[in-house]
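Participant: Pasting coords.cif here (mmCIF, C-alpha atoms):
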```cif
data_model
loop_
_atom_site.label_atom_id
_atom_site.label_comp_id
_atom_site.auth_asym_id
_atom_site.auth_seq_id
_atom_site.Cartn_x
_atom_site.Cartn_y
_atom_site.Cartn_z
CA MET A 21 -13.14 8.26 9.60
CA THR A 22 -11.08 5.12 9.53
CA GLN A 23 -8.15 4.96 7.16
CA ASN A 24 -6.99 1.58 5.98
CA ALA A 25 -4.05 0.02 4.30
CA ASP A 26 -4.08 -1.51 1.00
CA ASP A 27 -2.57 -4.72 -0.28
CA SER A 28 0.14 -4.94 -2.89
CA ALA A 29 -0.01 -8.72 -3.07
CA LEU A 30 -3.51 -8.27 -4.43
CA ALA A 31 -2.03 -8.26 -7.89
CA VAL A 32 0.41 -11.15 -7.76
CA PRO A 33 -0.40 -14.75 -6.82
CA THR A 34 2.56 -15.27 -4.55
CA ALA A 35 3.69 -18.57 -3.15
CA THR A 36 2.40 -19.12 0.33
CA ARG A 37 4.87 -21.79 1.29
CA PRO A 38 7.78 -19.94 2.95
CA GLY A 39 10.89 -20.29 0.87
CA THR A 40 8.96 -21.07 -2.33
CA PRO A 41 9.30 -18.39 -5.02
CA PRO A 42 6.01 -16.76 -6.03
CA LEU A 43 4.32 -17.87 -9.22
CA ASP A 44 4.19 -15.47 -12.18
CA THR A 45 7.42 -13.88 -10.99
CA PRO A 46 10.99 -13.98 -12.27
CA ALA A 47 11.56 -16.88 -9.85
CA ALA A 48 9.61 -19.11 -12.19
CA THR A 49 11.04 -17.85 -15.46
CA GLU A 50 14.54 -16.43 -15.00
CA PRO A 51 17.76 -18.00 -13.74
CA ARG A 52 18.98 -16.08 -10.72
CA PRO A 53 21.58 -16.40 -8.02
CA SER A 54 20.57 -18.04 -4.79
CA SER A 55 20.40 -14.72 -2.97
CA SER A 56 17.58 -13.62 -5.23
CA THR A 57 15.20 -16.04 -3.53
CA GLY A 58 15.52 -13.90 -0.43
CA ARG A 59 14.77 -10.92 -2.61
CA LEU A 60 11.26 -12.21 -3.29
CA ILE A 61 10.73 -13.54 0.21
CA GLY A 62 11.77 -10.13 1.50
CA VAL A 63 8.94 -8.56 -0.48
CA ASP A 64 6.48 -10.95 1.17
CA LEU A 65 7.95 -10.07 4.56
CA ALA A 66 7.34 -6.38 3.83
CA ARG A 67 3.79 -7.19 2.81
CA GLY A 68 3.27 -9.13 6.03
CA LEU A 69 4.44 -6.16 8.08
CA ALA A 70 2.09 -3.94 6.10
CA VAL A 71 -0.81 -6.32 6.87
CA PHE A 72 -0.09 -6.03 10.58
CA GLY A 73 0.14 -2.26 10.21
CA MET A 74 -3.24 -2.30 8.50
CA PHE A 75 -4.71 -4.29 11.38
CA ALA A 76 -3.26 -1.80 13.84
CA ALA A 77 -4.81 1.10 11.92
CA HIS A 78 -8.23 -0.53 11.87
CA VAL A 79 -8.71 -2.60 15.02
CA GLY A 80 -5.98 -1.25 17.28
CA PRO A 81 -6.29 1.36 20.03
CA ASP A 82 -6.93 4.94 18.97
CA PRO A 83 -3.63 6.82 18.49
CA SER A 84 -5.14 9.91 20.10
CA GLN A 85 -4.89 8.18 23.48
CA GLY A 86 -1.19 9.04 23.37
CA GLY A 87 1.56 7.30 25.29
CA PHE A 88 3.67 4.47 23.95
CA THR A 89 0.73 2.44 22.63
CA GLY A 90 -0.91 5.42 20.95
CA ASN A 91 2.30 6.50 19.24
CA LEU A 92 3.00 2.93 18.13
CA MET A 93 -0.47 2.72 16.57
CA GLU A 94 0.05 6.08 14.89
CA LEU A 95 3.15 4.75 13.13
CA ALA A 96 0.89 2.31 11.29
CA HIS A 97 -1.71 4.84 10.14
CA GLY A 98 -1.15 5.77 6.53
CA ARG A 99 2.34 4.34 6.40
CA ALA A 100 1.09 0.77 6.06
CA SER A 101 -1.20 1.75 3.20
CA ALA A 102 1.62 3.67 1.51
CA LEU A 103 3.84 0.59 1.82
CA PHE A 104 1.15 -1.52 0.16
CA ALA A 105 0.78 0.99 -2.68
CA PHE A 106 4.56 1.04 -3.09
CA LEU A 107 4.65 -2.76 -3.23
CA ALA A 108 1.79 -2.67 -5.75
CA GLY A 109 4.23 -1.12 -8.20
CA PHE A 110 6.70 -3.90 -7.43
CA SER A 111 3.95 -6.45 -8.10
CA ILE A 112 3.15 -4.99 -11.52
CA MET A 113 6.77 -5.38 -12.54
CA LEU A 114 6.85 -8.96 -11.28
CA MET A 115 3.94 -9.76 -13.53
CA THR A 116 5.17 -7.92 -16.62
CA GLY A 117 8.90 -8.68 -16.27
CA ARG A 118 10.84 -7.29 -13.33
CA ARG A 119 14.31 -6.53 -14.68
CA THR A 120 13.41 -6.83 -18.37
CA PRO A 121 9.86 -6.28 -19.69
CA LYS A 122 8.23 -9.29 -21.28
CA THR A 123 7.70 -8.91 -25.01
CA GLY A 124 5.66 -10.51 -27.74
CA ARG A 125 2.84 -12.81 -26.79
CA ALA A 126 4.13 -13.21 -23.21
CA GLY A 127 4.11 -9.44 -22.79
CA ARG A 128 0.59 -9.06 -24.14
CA GLN A 129 -0.66 -11.84 -21.87
CA ALA A 130 1.02 -10.23 -18.86
CA VAL A 131 -0.69 -6.92 -19.62
CA ALA A 132 -4.02 -8.71 -19.98
CA LYS A 133 -3.51 -10.36 -16.59
CA VAL A 134 -2.89 -7.01 -14.96
CA VAL A 135 -6.04 -5.57 -16.54
CA ILE A 136 -8.15 -8.53 -15.37
CA ARG A 137 -6.78 -8.29 -11.85
CA ALA A 138 -7.46 -4.57 -11.80
CA LEU A 139 -11.09 -5.08 -12.82
CA VAL A 140 -11.53 -7.82 -10.21
CA LEU A 141 -10.15 -5.49 -7.52
CA LEU A 142 -12.48 -2.69 -8.62
CA ALA A 143 -15.46 -5.02 -8.31
CA LEU A 144 -14.32 -6.64 -5.07
CA GLY A 145 -13.46 -3.31 -3.46
CA THR A 146 -16.85 -1.88 -4.40
CA ALA A 147 -18.63 -4.93 -2.98
CA LEU A 148 -16.71 -4.75 0.31
CA THR A 149 -17.40 -1.02 0.64
CA MET A 150 -21.10 -1.66 0.18
CA THR A 151 -21.13 -4.05 3.15
CA GLY A 152 -21.16 -0.95 5.35
CA THR A 153 -18.15 -1.64 7.57
CA PRO A 154 -16.46 1.48 8.98
CA VAL A 155 -13.27 0.59 7.08
CA GLU A 156 -12.59 2.72 4.03
CA VAL A 157 -11.75 -0.12 1.67
CA ILE A 158 -8.85 0.55 -0.67
CA LEU A 159 -9.29 -2.27 -3.16
CA ALA A 160 -11.27 -0.28 -5.73
CA PHE A 161 -8.63 2.45 -5.61
CA TYR A 162 -6.06 -0.25 -6.12
CA GLY A 163 -7.71 -1.50 -9.25
CA LEU A 164 -7.63 1.97 -10.76
CA TYR A 165 -3.96 2.44 -9.78
CA PHE A 166 -3.09 -0.68 -11.74
CA LEU A 167 -4.92 0.43 -14.86
CA LEU A 168 -3.41 3.92 -14.86
CA VAL A 169 0.24 2.96 -14.34
CA LEU A 170 0.20 -0.03 -16.68
CA PRO A 171 1.38 2.05 -19.70
CA LEU A 172 4.60 2.75 -17.77
CA HIS A 173 5.59 -0.89 -17.26
CA ARG A 174 8.25 -0.88 -20.01
CA LEU A 175 10.18 2.08 -18.61
CA GLY A 176 13.48 1.77 -16.78
CA ALA A 177 14.27 2.64 -13.18
CA ARG A 178 15.49 6.19 -13.88
CA PRO A 179 12.48 7.45 -15.88
CA LEU A 180 10.11 5.77 -13.44
CA ALA A 181 11.84 7.47 -10.52
CA LEU A 182 11.64 10.83 -12.29
CA ILE A 183 7.93 10.35 -12.98
CA ALA A 184 7.32 9.43 -9.32
CA ALA A 185 9.26 12.50 -8.15
CA ALA A 186 7.42 14.79 -10.57
CA GLY A 187 4.10 13.35 -9.43
CA ALA A 188 4.96 13.92 -5.78
CA LEU A 189 5.92 17.54 -6.48
CA VAL A 190 3.01 18.50 -8.73
CA LEU A 191 -0.04 16.30 -8.14
CA PRO A 192 -0.86 17.34 -4.54
CA GLN A 193 -1.15 20.95 -5.69
CA VAL A 194 -3.31 19.86 -8.63
CA LEU A 195 -5.53 17.91 -6.23
CA TYR A 196 -5.91 20.99 -4.03
CA VAL A 197 -7.08 23.04 -7.03
CA VAL A 198 -9.40 20.30 -8.33
CA GLN A 199 -11.04 19.77 -4.95
CA HIS A 200 -11.79 23.50 -4.76
CA ALA A 201 -13.30 23.39 -8.24
CA LEU A 202 -15.64 20.49 -7.47
CA PRO A 203 -19.25 21.23 -6.41
CA ALA A 204 -19.58 21.85 -2.69
CA ASP A 205 -22.33 19.25 -2.38
CA GLY A 206 -20.24 16.58 -4.10
CA ALA A 207 -20.49 14.77 -7.41
CA GLU A 208 -23.81 13.50 -8.70
CA GLY A 209 -25.09 11.09 -11.28
CA VAL A 210 -22.80 8.61 -12.98
CA TRP A 211 -19.73 10.25 -11.42
CA ALA A 212 -20.92 9.24 -7.94
CA TRP A 213 -22.19 5.76 -8.85
CA PRO A 214 -22.59 3.47 -6.98
CA ALA A 215 -24.10 5.57 -4.20
CA ASP A 216 -22.91 3.31 -1.36
CA ALA A 217 -19.34 2.95 -2.63
CA ASP A 218 -16.58 5.04 -4.19
CA GLY A 219 -17.60 6.58 -7.52
CA LEU A 220 -15.16 7.84 -10.12
CA VAL A 221 -14.80 11.29 -8.56
CA SER A 222 -14.11 9.72 -5.17
CA LEU A 223 -11.56 7.32 -6.65
CA LEU A 224 -9.74 10.10 -8.46
CA PHE A 225 -10.02 13.13 -6.20
CA THR A 226 -12.09 13.04 -3.02
CA GLY A 227 -11.74 9.57 -1.51
CA SER A 228 -9.40 8.44 1.22
CA TYR A 229 -6.79 7.24 -1.27
CA PRO A 230 -7.24 9.52 -4.30
CA VAL A 231 -5.48 8.26 -7.39
CA LEU A 232 -4.03 11.69 -8.09
CA THR A 233 -1.79 11.60 -5.02
CA TRP A 234 -1.30 7.85 -4.52
CA ILE A 235 0.01 7.08 -8.00
CA PRO A 236 3.53 8.31 -7.05
CA PHE A 237 3.83 5.48 -4.49
CA VAL A 238 3.01 2.89 -7.13
CA VAL A 239 5.40 4.34 -9.70
CA ALA A 240 8.17 4.54 -7.09
CA GLY A 241 7.68 0.84 -6.35
CA MET A 242 7.93 0.10 -10.07
CA ALA A 243 11.24 1.98 -10.21
CA VAL A 244 12.68 0.03 -7.28
CA ALA A 245 11.61 -3.28 -8.83
CA ARG A 246 13.81 -2.53 -11.84
CA LEU A 247 16.97 -2.40 -9.68
CA ASP A 248 19.46 -5.21 -9.12
CA LEU A 249 18.30 -5.96 -5.60
CA ALA A 250 20.76 -8.83 -5.23
CA ALA A 251 23.62 -6.29 -5.13
CA THR A 252 24.58 -5.19 -1.63
CA ALA A 253 25.55 -1.72 -2.86
CA VAL A 254 22.10 -1.24 -4.37
CA ARG A 255 20.40 -2.27 -1.15
CA VAL A 256 22.56 0.09 0.89
CA ARG A 257 21.79 2.99 -1.44
CA LEU A 258 18.11 2.07 -1.32
CA ALA A 259 18.10 2.11 2.49
CA ILE A 260 19.96 5.45 2.61
CA THR A 261 17.57 6.92 0.06
CA GLY A 262 14.57 5.77 2.05
CA VAL A 263 15.79 7.23 5.32
CA THR A 264 16.77 10.47 3.59
CA LEU A 265 13.35 10.88 1.98
CA ALA A 266 11.60 10.20 5.30
CA VAL A 267 13.72 12.83 7.04
CA ILE A 268 13.23 15.37 4.25
CA GLY A 269 9.46 14.90 4.31
CA HIS A 270 8.91 15.06 8.04
CA ALA A 271 11.66 17.50 8.96
CA GLY A 272 10.71 19.69 6.02
CA SER A 273 7.13 19.80 7.27
CA TRP A 274 8.24 20.66 10.82
CA LEU A 275 10.39 23.51 9.54
CA ALA A 276 7.71 24.79 7.16
CA LEU A 277 5.04 24.86 9.85
CA HIS A 278 7.31 26.62 12.35
CA LEU A 279 8.91 29.10 9.95
CA THR A 280 5.81 30.14 8.02
CA PRO A 281 4.20 33.06 9.91
CA GLY A 282 0.79 32.15 11.31
CA ALA A 283 0.87 28.61 9.92
CA MET A 284 0.27 26.86 13.22
CA SER A 285 -2.61 29.11 14.23
CA ARG A 286 -4.37 28.77 10.86
CA LEU A 287 -3.84 25.02 10.95
CA GLY A 288 -5.33 24.94 14.44
CA GLU A 289 -8.66 26.16 13.09
CA ALA A 290 -9.03 22.86 11.22
CA SER A 291 -7.68 20.66 14.00
CA TRP A 292 -9.62 17.89 15.71
CA GLY A 293 -7.63 18.39 18.87
CA GLY A 294 -5.84 21.08 20.81
CA GLY A 295 -2.48 22.73 20.34
CA ASP A 296 -0.58 19.53 21.06
CA ALA A 297 -2.37 17.77 18.19
CA VAL A 298 -1.54 20.59 15.77
CA ALA A 299 2.08 20.45 16.84
CA SER A 300 2.22 16.84 15.63
CA ALA A 301 0.86 17.58 12.14
CA TRP A 302 4.37 17.14 10.71
CA TRP A 303 4.15 13.37 11.34
CA SER A 304 0.78 12.34 12.83
CA ASP A 305 -2.87 12.22 11.76
CA THR A 306 -4.10 12.91 15.29
CA TRP A 307 -4.54 16.61 14.48
CA GLY A 308 -6.98 15.80 11.63
CA TYR A 309 -6.78 16.10 7.84
CA PRO A 310 -6.44 19.15 5.58
CA ASP A 311 -9.93 20.39 4.69
CA GLY A 312 -8.85 22.72 1.92
CA SER A 313 -9.80 25.81 3.88
CA THR A 314 -6.21 27.07 3.88
CA PRO A 315 -3.14 26.37 1.73
CA VAL A 316 -1.22 25.91 4.98
CA GLY A 317 -2.57 22.37 4.89
CA LEU A 318 -0.11 21.70 2.06
CA LEU A 319 2.76 22.11 4.55
CA VAL A 320 1.89 19.16 6.77
CA ALA A 321 3.33 15.65 6.34
CA SER A 322 0.79 13.61 8.29
CA PRO A 323 0.28 10.26 6.50
CA HIS A 324 -3.18 10.96 5.02
CA SER A 325 -2.71 14.62 4.20
CA GLU A 326 -2.12 14.05 0.45
CA THR A 327 0.68 16.64 0.36
CA THR A 328 4.06 16.61 -1.35
CA LEU A 329 5.87 16.33 1.98
CA SER A 330 3.61 13.46 3.04
CA ILE A 331 4.26 11.54 -0.20
CA VAL A 332 8.00 12.09 0.08
CA ALA A 333 8.07 10.95 3.72
CA ASN A 334 5.89 7.88 3.20
CA THR A 335 7.80 6.83 0.09
CA GLY A 336 10.96 7.03 2.16
CA VAL A 337 9.50 4.88 4.91
CA ALA A 338 8.27 2.28 2.40
CA THR A 339 11.64 2.18 0.64
CA ALA A 340 13.55 1.78 3.89
CA VAL A 341 11.23 -0.98 5.13
CA LEU A 342 11.57 -2.93 1.88
CA ALA A 343 15.37 -2.53 1.86
CA GLY A 344 15.54 -3.77 5.44
CA CYS A 345 13.35 -6.79 4.73
CA LEU A 346 15.34 -7.74 1.65
CA ALA A 347 18.62 -7.54 3.53
CA ALA A 348 17.37 -9.32 6.64
CA VAL A 349 16.06 -12.47 4.95
CA ASP A 350 19.25 -12.85 2.93
CA ALA A 351 21.79 -12.05 5.62
CA PHE A 352 20.28 -13.89 8.58
CA PRO A 353 19.00 -17.43 7.91
CA ARG A 354 17.81 -17.78 11.50
CA PHE A 355 15.78 -14.58 11.16
CA HIS A 356 14.30 -15.96 7.95
CA ARG A 357 13.06 -19.01 9.82
CA LEU A 358 11.64 -16.93 12.66
CA ALA A 359 9.89 -14.63 10.20
CA ARG A 360 8.17 -17.42 8.26
CA PRO A 361 4.72 -16.79 9.83
CA VAL A 362 4.89 -13.11 8.82
CA ILE A 363 6.10 -14.08 5.34
CA ALA A 364 3.15 -16.49 5.04
CA VAL A 365 0.74 -13.67 5.87
CA GLY A 366 2.41 -11.41 3.32
CA SER A 367 2.19 -14.06 0.62
CA MET A 368 -1.61 -14.17 0.94
CA SER A 369 -2.30 -10.55 1.79
CA LEU A 370 -5.49 -10.32 -0.30
CA THR A 371 -6.91 -13.16 1.76
CA ALA A 372 -5.73 -11.49 4.98
CA TYR A 373 -7.30 -8.19 3.92
CA VAL A 374 -10.70 -9.68 3.12
CA LEU A 375 -10.66 -11.85 6.26
CA HIS A 376 -10.08 -8.83 8.47
CA ILE A 377 -12.96 -6.95 6.79
CA ALA A 378 -15.17 -10.01 7.37
CA GLY A 379 -13.99 -10.20 10.99
CA ILE A 380 -14.86 -6.57 11.61
CA ARG A 381 -18.29 -7.16 10.10
CA LEU A 382 -18.98 -10.33 12.09
CA LEU A 383 -17.84 -8.79 15.38
CA GLY A 384 -19.92 -5.70 14.77
CA LEU A 385 -17.02 -3.33 15.38
CA GLU A 386 -18.21 0.22 14.70
CA GLU A 387 -15.73 2.59 16.31
CA LEU A 388 -12.49 2.16 14.39
CA PRO A 389 -9.81 2.65 15.47
CA GLY A 390 -10.49 2.26 19.15
CA PRO A 391 -10.83 -1.40 20.21
CA ALA A 392 -8.66 -2.63 23.07
CA LEU A 393 -5.19 -3.95 22.36
CA HIS A 394 -6.30 -7.55 22.84
CA VAL A 395 -8.65 -7.22 19.85
CA LEU A 396 -5.73 -6.26 17.62
CA LEU A 397 -3.64 -9.13 18.97
CA GLY A 398 -6.53 -11.51 18.32
CA PHE A 399 -6.73 -10.47 14.67
CA ILE A 400 -2.97 -10.82 14.23
CA VAL A 401 -2.79 -14.24 15.86
CA ALA A 402 -5.83 -15.61 14.03
CA VAL A 403 -4.66 -14.54 10.57
CA THR A 404 -1.05 -15.60 11.23
CA VAL A 405 -2.08 -19.08 12.37
CA PHE A 406 -4.39 -19.47 9.38
CA ALA A 407 -1.72 -18.32 6.90
CA THR A 408 0.96 -20.53 8.44
CA LEU A 409 -1.21 -23.66 8.39
CA TRP A 410 -2.55 -22.98 4.91
CA SER A 411 0.93 -22.40 3.47
CA ARG A 412 2.03 -25.86 4.61
CA HIS A 413 -0.44 -27.48 2.23
CA PHE A 414 -1.07 -24.98 -0.56
CA ARG A 415 1.17 -22.76 -2.66
CA ARG A 416 -1.28 -19.86 -2.80
CA GLY A 417 -3.77 -18.30 -0.45
CA PRO A 418 -7.42 -19.12 -1.24
CA LEU A 419 -8.27 -15.74 -2.75
CA GLU A 420 -4.91 -15.54 -4.49
CA TRP A 421 -5.71 -18.87 -6.12
CA LEU A 422 -9.12 -17.61 -7.26
CA LEU A 423 -7.57 -14.42 -8.59
CA GLY A 424 -5.08 -16.51 -10.53
CA LYS A 425 -7.93 -18.53 -12.03
CA ALA A 426 -9.71 -15.32 -13.01
CA THR A 427 -6.77 -14.35 -15.20
CA LYS A 428 -6.82 -17.59 -17.21
CA PRO A 429 -8.59 -15.88 -20.14
CA ALA A 430 -5.41 -13.82 -20.62
CA GLU A 431 -3.78 -16.95 -21.99
CA LEU A 432 -6.05 -16.66 -25.03
CA VAL A 433 -4.31 -13.45 -26.05
CA ARG A 434 -2.15 -13.96 -29.15
#
```
Translate the structure described by the file into structure tokens.

Facilitator:
Amino acid sequence: MTQNADDSALAVPTATRPGTPPLDTPAATEPRPSSSTGRLIGVDLARGLAVFGMFAAHVGPDPSQGGFTGNLMELAHGRASALFAFLAGFSIMLMTGRRTPKTGRAGRQAVAKVVIRALVLLALGTALTMTGTPVEVILAFYGLYFLLVLPLHRLGARPLALIAAAGALVLPQVLYVVQHALPADGAEGVWAWPADADGLVSLLFTGSYPVLTWIPFVVAGMAVARLDLAATAVRVRLAITGVTLAVIGHAGSWLALHLTPGAMSRLGEASWGGGDAVASAWWSDTWGYPDGSTPVGLLVASPHSETTLSIVANTGVATAVLAGCLAAVDAFPRFHRLARPVIAVGSMSLTAYVLHIAGIRLLGLEELPGPALHVLLGFIVAVTVFATLWSRHFRRGPLEWLLGKATKPAELVR
């Protein structure tokens, strides 16, 4: 089963010309200090890194091969998709008013735009899933995330952070109970429609990115978007918080697995590999995924385990990566110039996502992950060159432009 990353730029038509503030963001509507430009470019840089992580998870070498390359690939699995979900929350706030929610007609139009984008992603994700590629497409999940968190867009950073924390603590246990209550042979009828894609039950509970346990990432990103990211002190606290959460999640899992009597042996019964694979369940997916056969599975923190510790750890990684990108593009002008190709990719991440699905389909890749390293490098180079050249002539990526056009009816809202 191939896990894939999602794409937080799917919701916001960002500027593809490096150094140009994204459209439909505070850059176009609010006066800001010069350092705030780097704030938005830093988000695109984080998206670009997530795109490359997604490529590594899909068309890179199999992490189970071990060694330096295997461990490097494993770092991308799940963490890139969590970063995209986290940035999805940031994107919602950019559309609806980052520091201060839009009100009146502008606010209603912003909400309508989010709804339209969500429906487009649901349709596009379903269509891509039905192409039959081995990638578990996240776009339909993304669309549902947007619809479900939209009612929270007026909240401040503190209540959003509390909601994200509560979700991380409670929802994985709820998911465990719900999955046990579902029919053993899966959902049927309208709940499983369409048959060749993710139905409602899959989107909510049984799919690779179930809404119930991925919503906390989105809400956490919304909370971060509310902060004054131009302030150095805020960025420092954000970086410290991210590292702390990552350590708590992974170290907490390691301790729980080693201190709970019989945990490792019971976990081994569900493992894809041997004892070494089980020993890595506190950080790696190489051991497998919890199958619900034992509550011990709730103690792991592997990226796709849908546990509290996993959500805490991945939220920490996403927060730290974003904080680092924001600081780097502001503090080091030379780095900003060097990173422009990655920023270009991040600014058109929906296009990059769909192109890589199309590439996998055209090349007939079936065993994912697993291709040789040169295949991964080929995908990265091809998409980076395309994004860099396109951004020199157009402000938005091709699919980002189409998505922007699709939201034009929102302007009719009064």

Participant: At a cut-off of 7 Å, using all atoms listed in the file, what residues contact segment 79-86 of chain A? Leave out same-chain residues fewer than 4 positions from it and give the result as a PyMOL selection string.

Facilitator: chain A and resi 75+90-91+93-94+306+388-393+395-396

Participant: Suppose a student applies the PyMOL selection byres ((chain A and resi 356) around 12) to this structure; what residues should they get, written as a PDB file with C-alpha atoms, in the coordinates of the input?

Facilitator:
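After the write, result.pdb holds the following:
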```
ATOM      1  CA  PRO A  38       7.780 -19.940   2.950  1.00  0.00           C
ATOM      2  CA  GLY A  39      10.890 -20.290   0.870  1.00  0.00           C
ATOM      3  CA  THR A  57      15.200 -16.040  -3.530  1.00  0.00           C
ATOM      4  CA  GLY A  58      15.520 -13.900  -0.430  1.00  0.00           C
ATOM      5  CA  ARG A  59      14.770 -10.920  -2.610  1.00  0.00           C
ATOM      6  CA  ILE A  61      10.730 -13.540   0.210  1.00  0.00           C
ATOM      7  CA  GLY A  62      11.770 -10.130   1.500  1.00  0.00           C
ATOM      8  CA  ASP A  64       6.480 -10.950   1.170  1.00  0.00           C
ATOM      9  CA  LEU A  65       7.950 -10.070   4.560  1.00  0.00           C
ATOM     10  CA  CYS A 345      13.350  -6.790   4.730  1.00  0.00           C
ATOM     11  CA  LEU A 346      15.340  -7.740   1.650  1.00  0.00           C
ATOM     12  CA  ALA A 347      18.620  -7.540   3.530  1.00  0.00           C
ATOM     13  CA  ALA A 348      17.370  -9.320   6.640  1.00  0.00           C
ATOM     14  CA  VAL A 349      16.060 -12.470   4.950  1.00  0.00           C
ATOM     15  CA  ASP A 350      19.250 -12.850   2.930  1.00  0.00           C
ATOM     16  CA  ALA A 351      21.790 -12.050   5.620  1.00  0.00           C
ATOM     17  CA  PHE A 352      20.280 -13.890   8.580  1.00  0.00           C
ATOM     18  CA  PRO A 353      19.000 -17.430   7.910  1.00  0.00           C
ATOM     19  CA  ARG A 354      17.810 -17.780  11.500  1.00  0.00           C
ATOM     20  CA  PHE A 355      15.780 -14.580  11.160  1.00  0.00           C
ATOM     21  CA  ARG A 357      13.060 -19.010   9.820  1.00  0.00           C
ATOM     22  CA  LEU A 358      11.640 -16.930  12.660  1.00  0.00           C
ATOM     23  CA  ALA A 359       9.890 -14.630  10.200  1.00  0.00           C
ATOM     24  CA  ARG A 360       8.170 -17.420   8.260  1.00  0.00           C
ATOM     25  CA  PRO A 361       4.720 -16.790   9.830  1.00  0.00           C
ATOM     26  CA  VAL A 362       4.890 -13.110   8.820  1.00  0.00           C
ATOM     27  CA  ILE A 363       6.100 -14.080   5.340  1.00  0.00           C
ATOM     28  CA  ALA A 364       3.150 -16.490   5.040  1.00  0.00           C
TER      29      ALA A 364
END
```

Participant: For this file, the PyMOL selection byres ((chain A and resi 210-220) around 9) selects which residues, as a list in words?

Facilitator: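 For this structure, the PyMOL selection byres ((chain A and resi 210-220) around 9) resolves to Gly145, Thr146, Ala147, Leu148, Thr149, Met150, Thr151, Gly152, Ala160, Phe161, Gly206, Ala207, Glu208, Gly209, Val221, Ser222, Leu223, Leu224, Phe225 and Gly227 of chain A.
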
Participant: Tell me which protein, DNA and RNA residues are within 12 Å of Ala253 of chain A, counting all atoms listed in the file, leaving out same-chain ones fewer than 6 positions away, and put them as a PyMOL selection string.

Facilitator: chain A and resi 247+259-260+343+347

Participant: Assuming the chain letters and numbering stay as they are in my file, what does the PyMOL selection byres ((chain A and resi 101) around 12) actually select? List them as an MDAnalysis selection string.

Facilitator: chainID A and resid 23:28 66:67 69:78 95:100 102:108 156:159 161:162 228:229 234 237:238 323:324 331 334:335 337:338 373

Participant: Rounded to one decimal place, report the atom CA of Met113 of chain A-atom CA of Gly366 of chain A distance in Å.

Facilitator: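 Atom-to-atom, atom CA of Met113 of chain A and atom CA of Gly366 of chain A are spaced 17.5 Å apart.
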
Participant: Rank A:Gly163, A:Gly109, A:Pro121, A:Gly87 by their smallest atom-to-atom distance to Val135 of chain A, using all atoms listed in the file, and report the top residue only.

Facilitator: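 So, comparing all the options, the nearest one is A:Gly163.
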
Participant: Would you mind listing what lies within 8 Å of Gly336 of chain A as a list in words, with only C-alpha atoms counted and same-chain residues fewer than 6 positions away left out?

Facilitator: Thr261, Gly262, Val263, Thr264, Leu265 and Ala266 of chain A

Participant: Of the candidates A:Leu275, A:Val433, A:Leu144, A:Leu258, which one gets nearest to Val341 of chain A if we count only C-alpha atoms?

Facilitator: A:Leu258

Participant: One number please: atom CA of Glu420 of chain A to atom CA of Ile400 of chain A, in Å, one decimal.

Facilitator: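 Result for atom CA of Glu420 of chain A versus atom CA of Ile400 of chain A: 19.4 Å, one decimal.
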
Participant: For each of A:Gly176, A:Gly282, A:Gly384, A:Pro203, take the minimum atom-to-atom distance to Ala240 of chain A, counting all atoms listed in the file, then give the residue where this is smallest.

Facilitator: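 Result for the nearest residue to Ala240 of chain A: A:Gly176.
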
Participant: Just give me the gap between atom CA of Phe88 of chain A and atom CA of Glu386 of chain A in Å, one decimal is fine.

Facilitator: 24.1 Å

Participant: Could you pull the residues within 12 Å of Gly317 of chain A, counting all atoms listed in the file, minus those fewer than 5 positions along the same chain, as a compact mmCIF listing (two decimals) with C-alpha atoms, keeping the file's coordinate frame?

Facilitator:
```
# COMPACT_ATOMS: atom_id res chain seq x y z
CA PRO A 192 -0.86 17.34 -4.54
CA GLN A 193 -1.15 20.95 -5.69
CA TYR A 196 -5.91 20.99 -4.03
CA SER A 273 7.13 19.80 7.27
CA ALA A 276 7.71 24.79 7.16
CA LEU A 277 5.04 24.86 9.85
CA THR A 280 5.81 30.14 8.02
CA ALA A 283 0.87 28.61 9.92
CA MET A 284 0.27 26.86 13.22
CA SER A 285 -2.61 29.11 14.23
CA ARG A 286 -4.37 28.77 10.86
CA LEU A 287 -3.84 25.02 10.95
CA GLY A 288 -5.33 24.94 14.44
CA GLU A 289 -8.66 26.16 13.09
CA ALA A 290 -9.03 22.86 11.22
CA SER A 291 -7.68 20.66 14.00
CA VAL A 298 -1.54 20.59 15.77
CA ALA A 301 0.86 17.58 12.14
CA TRP A 302 4.37 17.14 10.71
CA TRP A 307 -4.54 16.61 14.48
CA GLY A 308 -6.98 15.80 11.63
CA TYR A 309 -6.78 16.10 7.84
CA PRO A 310 -6.44 19.15 5.58
CA ASP A 311 -9.93 20.39 4.69
CA GLY A 312 -8.85 22.72 1.92
CA SER A 322 0.79 13.61 8.29
CA HIS A 324 -3.18 10.96 5.02
CA SER A 325 -2.71 14.62 4.20
CA GLU A 326 -2.12 14.05 0.45
CA THR A 327 0.68 16.64 0.36
CA THR A 328 4.06 16.61 -1.35
CA LEU A 329 5.87 16.33 1.98
CA SER A 330 3.61 13.46 3.04
```

Participant: Which residue out of A:Leu409, A:Leu114, A:Met242, A:Val365 has the minimum interatomic distance to Leu182 of chain A when all atoms listed in the file are used?

Facilitator: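 The closest residue to Leu182 of chain A is A:Met242.
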
Participant: Of the candidates A:His173, A:Ile380, A:Met368, A:Ser304, which shows the shortest atom-to-atom distance to Leu422 of chain A, using all atoms listed in the file?

Facilitator: A:Met368
